[in-house]
Amino acid sequence: MTVRKLIKLDPGDTARALTRVPLFAGCSEYEVREIAELAHLLRFEDGAVIVPEGEEGLGFYFVTSGRARVLRDGIPIATLGSGDFFGEVSLIEGSARNASVTAEGETICIGILRSFFRPLLARNPRLALRILEEEQRRIELEALDFDGESAP
């Protein structure tokens, strides 16, 4: 059962939270404020499914506090903490979610709905590039975990 609660913050508070996310390092104050105006804050209780594997991607999330476990086919593949993000693959590719993400303890995330995500990337190419670089890093780490060898 997913237990989540929408937390209402003004865009200034959300912008301050976003500045602690490494993905936004180098973004201007205006860019962070613009992102904050599109975002919402969600609190998840321990064990809550934040996004289920196979679901159509409806949002992009940043962990602002707590931890989240990433599972593919029920097998843990990663643990996320403050500053990490998830949900980008299904939104960029238009595919179903490739993993489930569940809260470990109380977890607070900032979410951006799909309808805002692509236009946001179009207006912020540096942000799009950082997301793609992080996705490449994750793919390389998975390749290392899979075969025990260095990724190319």
# chains A, B, ... in the order shown; residues from 1 in each chain; ligands from 1

call {"tool": "select_by_dssp", "arguments": {"residues": "segment 13-78 of chain A", "states": "helix (DSSP H, G or I)", "output": "MDAnalysis selection string"}}
result
chainID A and resid 13:18 22:24 29:38

call {"tool": "residues_around", "arguments": {"residues": "Leu113 of chain A", "least_positions_apart": "5", "cutoff": "8 Å", "atoms": "only C-alpha atoms", "output": "PyMOL selection string"}}
result
chain A and resi 38-39+58-60

call {"tool": "residues_around", "arguments": {"residues": "Ala99 of chain A", "least_positions_apart": "4", "cutoff": "12 Å", "atoms": "only C-alpha atoms", "output": "JSON, numbers by chain"}}
result
{"A": [49, 50, 51, 52, 53, 54, 55, 56, 57, 69, 70, 71, 72, 73, 74, 75, 76, 77, 78, 86, 87, 88, 89, 90, 95]}

call {"tool": "write_last_selection", "arguments": {"atoms": "N, CA and C atoms", "output": "PDB file, in the first residue's frame"}}
result
ATOM      1  N   VAL A  49       5.363   2.353  -2.002  1.00  0.00           N
ATOM      2  CA  VAL A  49       5.837   2.293  -3.380  1.00  0.00           C
ATOM      3  C   VAL A  49       5.688   3.695  -3.971  1.00  0.00           C
ATOM      4  N   ILE A  50       6.809   4.282  -4.310  1.00  0.00           N
ATOM      5  CA  ILE A  50       6.789   5.625  -4.895  1.00  0.00           C
ATOM      6  C   ILE A  50       6.417   5.525  -6.365  1.00  0.00           C
ATOM      7  N   VAL A  51       7.089   4.629  -7.091  1.00  0.00           N
ATOM      8  CA  VAL A  51       6.706   4.328  -8.473  1.00  0.00           C
ATOM      9  C   VAL A  51       6.817   2.811  -8.677  1.00  0.00           C
ATOM     10  N   PRO A  52       5.804   2.197  -9.290  1.00  0.00           N
ATOM     11  CA  PRO A  52       5.866   0.752  -9.535  1.00  0.00           C
ATOM     12  C   PRO A  52       6.453   0.429 -10.908  1.00  0.00           C
ATOM     13  N   GLU A  53       7.253  -0.621 -10.956  1.00  0.00           N
ATOM     14  CA  GLU A  53       7.804  -1.111 -12.213  1.00  0.00           C
ATOM     15  C   GLU A  53       6.665  -1.438 -13.165  1.00  0.00           C
ATOM     16  N   GLY A  54       6.831  -1.083 -14.433  1.00  0.00           N
ATOM     17  CA  GLY A  54       5.835  -1.377 -15.455  1.00  0.00           C
ATOM     18  C   GLY A  54       4.779  -0.310 -15.634  1.00  0.00           C
ATOM     19  N   GLU A  55       4.685   0.624 -14.703  1.00  0.00           N
ATOM     20  CA  GLU A  55       3.704   1.700 -14.783  1.00  0.00           C
ATOM     21  C   GLU A  55       4.134   2.737 -15.822  1.00  0.00           C
ATOM     22  N   GLU A  56       3.150   3.369 -16.417  1.00  0.00           N
ATOM     23  CA  GLU A  56       3.437   4.503 -17.293  1.00  0.00           C
ATOM     24  C   GLU A  56       4.060   5.605 -16.440  1.00  0.00           C
ATOM     25  N   GLY A  57       5.131   6.205 -16.921  1.00  0.00           N
ATOM     26  CA  GLY A  57       5.804   7.255 -16.163  1.00  0.00           C
ATOM     27  C   GLY A  57       5.003   8.537 -16.143  1.00  0.00           C
ATOM     28  N   ARG A  69      14.726   2.656  -2.182  1.00  0.00           N
ATOM     29  CA  ARG A  69      15.335   1.452  -2.758  1.00  0.00           C
ATOM     30  C   ARG A  69      14.771   1.255  -4.161  1.00  0.00           C
ATOM     31  N   VAL A  70      15.657   0.949  -5.104  1.00  0.00           N
ATOM     32  CA  VAL A  70      15.281   0.687  -6.489  1.00  0.00           C
ATOM     33  C   VAL A  70      15.326  -0.825  -6.699  1.00  0.00           C
ATOM     34  N   LEU A  71      14.218  -1.385  -7.211  1.00  0.00           N
ATOM     35  CA  LEU A  71      14.123  -2.828  -7.441  1.00  0.00           C
ATOM     36  C   LEU A  71      13.698  -3.099  -8.880  1.00  0.00           C
ATOM     37  N   ARG A  72      14.388  -4.034  -9.505  1.00  0.00           N
ATOM     38  CA  ARG A  72      13.995  -4.473 -10.848  1.00  0.00           C
ATOM     39  C   ARG A  72      13.674  -5.957 -10.744  1.00  0.00           C
ATOM     40  N   ASP A  73      12.473  -6.320 -11.157  1.00  0.00           N
ATOM     41  CA  ASP A  73      12.001  -7.705 -11.024  1.00  0.00           C
ATOM     42  C   ASP A  73      12.111  -8.181  -9.577  1.00  0.00           C
ATOM     43  N   GLY A  74      11.872  -7.264  -8.621  1.00  0.00           N
ATOM     44  CA  GLY A  74      11.917  -7.601  -7.202  1.00  0.00           C
ATOM     45  C   GLY A  74      13.312  -7.683  -6.606  1.00  0.00           C
ATOM     46  N   ILE A  75      14.332  -7.467  -7.417  1.00  0.00           N
ATOM     47  CA  ILE A  75      15.727  -7.562  -6.954  1.00  0.00           C
ATOM     48  C   ILE A  75      16.274  -6.147  -6.728  1.00  0.00           C
ATOM     49  N   PRO A  76      16.790  -5.858  -5.519  1.00  0.00           N
ATOM     50  CA  PRO A  76      17.362  -4.528  -5.264  1.00  0.00           C
ATOM     51  C   PRO A  76      18.565  -4.269  -6.175  1.00  0.00           C
ATOM     52  N   ILE A  77      18.559  -3.106  -6.828  1.00  0.00           N
ATOM     53  CA  ILE A  77      19.679  -2.755  -7.711  1.00  0.00           C
ATOM     54  C   ILE A  77      20.373  -1.466  -7.293  1.00  0.00           C
ATOM     55  N   ALA A  78      19.710  -0.667  -6.446  1.00  0.00           N
ATOM     56  CA  ALA A  78      20.328   0.586  -6.014  1.00  0.00           C
ATOM     57  C   ALA A  78      19.588   1.132  -4.801  1.00  0.00           C
ATOM     58  N   PHE A  86      15.129  10.009  -9.881  1.00  0.00           N
ATOM     59  CA  PHE A  86      14.674   8.828 -10.599  1.00  0.00           C
ATOM     60  C   PHE A  86      13.405   9.168 -11.373  1.00  0.00           C
ATOM     61  N   GLY A  87      13.073   8.292 -12.307  1.00  0.00           N
ATOM     62  CA  GLY A  87      11.865   8.471 -13.107  1.00  0.00           C
ATOM     63  C   GLY A  87      12.109   9.090 -14.465  1.00  0.00           C
ATOM     64  N   GLU A  88      13.369   9.444 -14.741  1.00  0.00           N
ATOM     65  CA  GLU A  88      13.673  10.141 -15.987  1.00  0.00           C
ATOM     66  C   GLU A  88      13.596   9.240 -17.210  1.00  0.00           C
ATOM     67  N   VAL A  89      13.949   7.963 -17.067  1.00  0.00           N
ATOM     68  CA  VAL A  89      14.027   7.074 -18.234  1.00  0.00           C
ATOM     69  C   VAL A  89      12.668   6.934 -18.920  1.00  0.00           C
ATOM     70  N   SER A  90      11.633   6.637 -18.151  1.00  0.00           N
ATOM     71  CA  SER A  90      10.322   6.433 -18.772  1.00  0.00           C
ATOM     72  C   SER A  90       9.781   7.730 -19.370  1.00  0.00           C
ATOM     73  N   SER A  95       8.540   5.131 -22.283  1.00  0.00           N
ATOM     74  CA  SER A  95       8.351   3.709 -21.999  1.00  0.00           C
ATOM     75  C   SER A  95       7.806   3.526 -20.583  1.00  0.00           C
TER      76      SER A  95
END

call {"tool": "residues_around", "arguments": {"residues": "segment 19-35 of chain A", "least_positions_apart": "4", "cutoff": "7 Å", "atoms": "only C-alpha atoms", "output": "list in words"}}
result
Pro11, Ala15, Ala39, Gly83 and Arg130 of chain A

call {"tool": "atom_distance", "arguments": {"atom1": "atom CA of Thr79 of chain A", "atom2": "atom CA of Asn124 of chain A"}}
result
27.2 Å
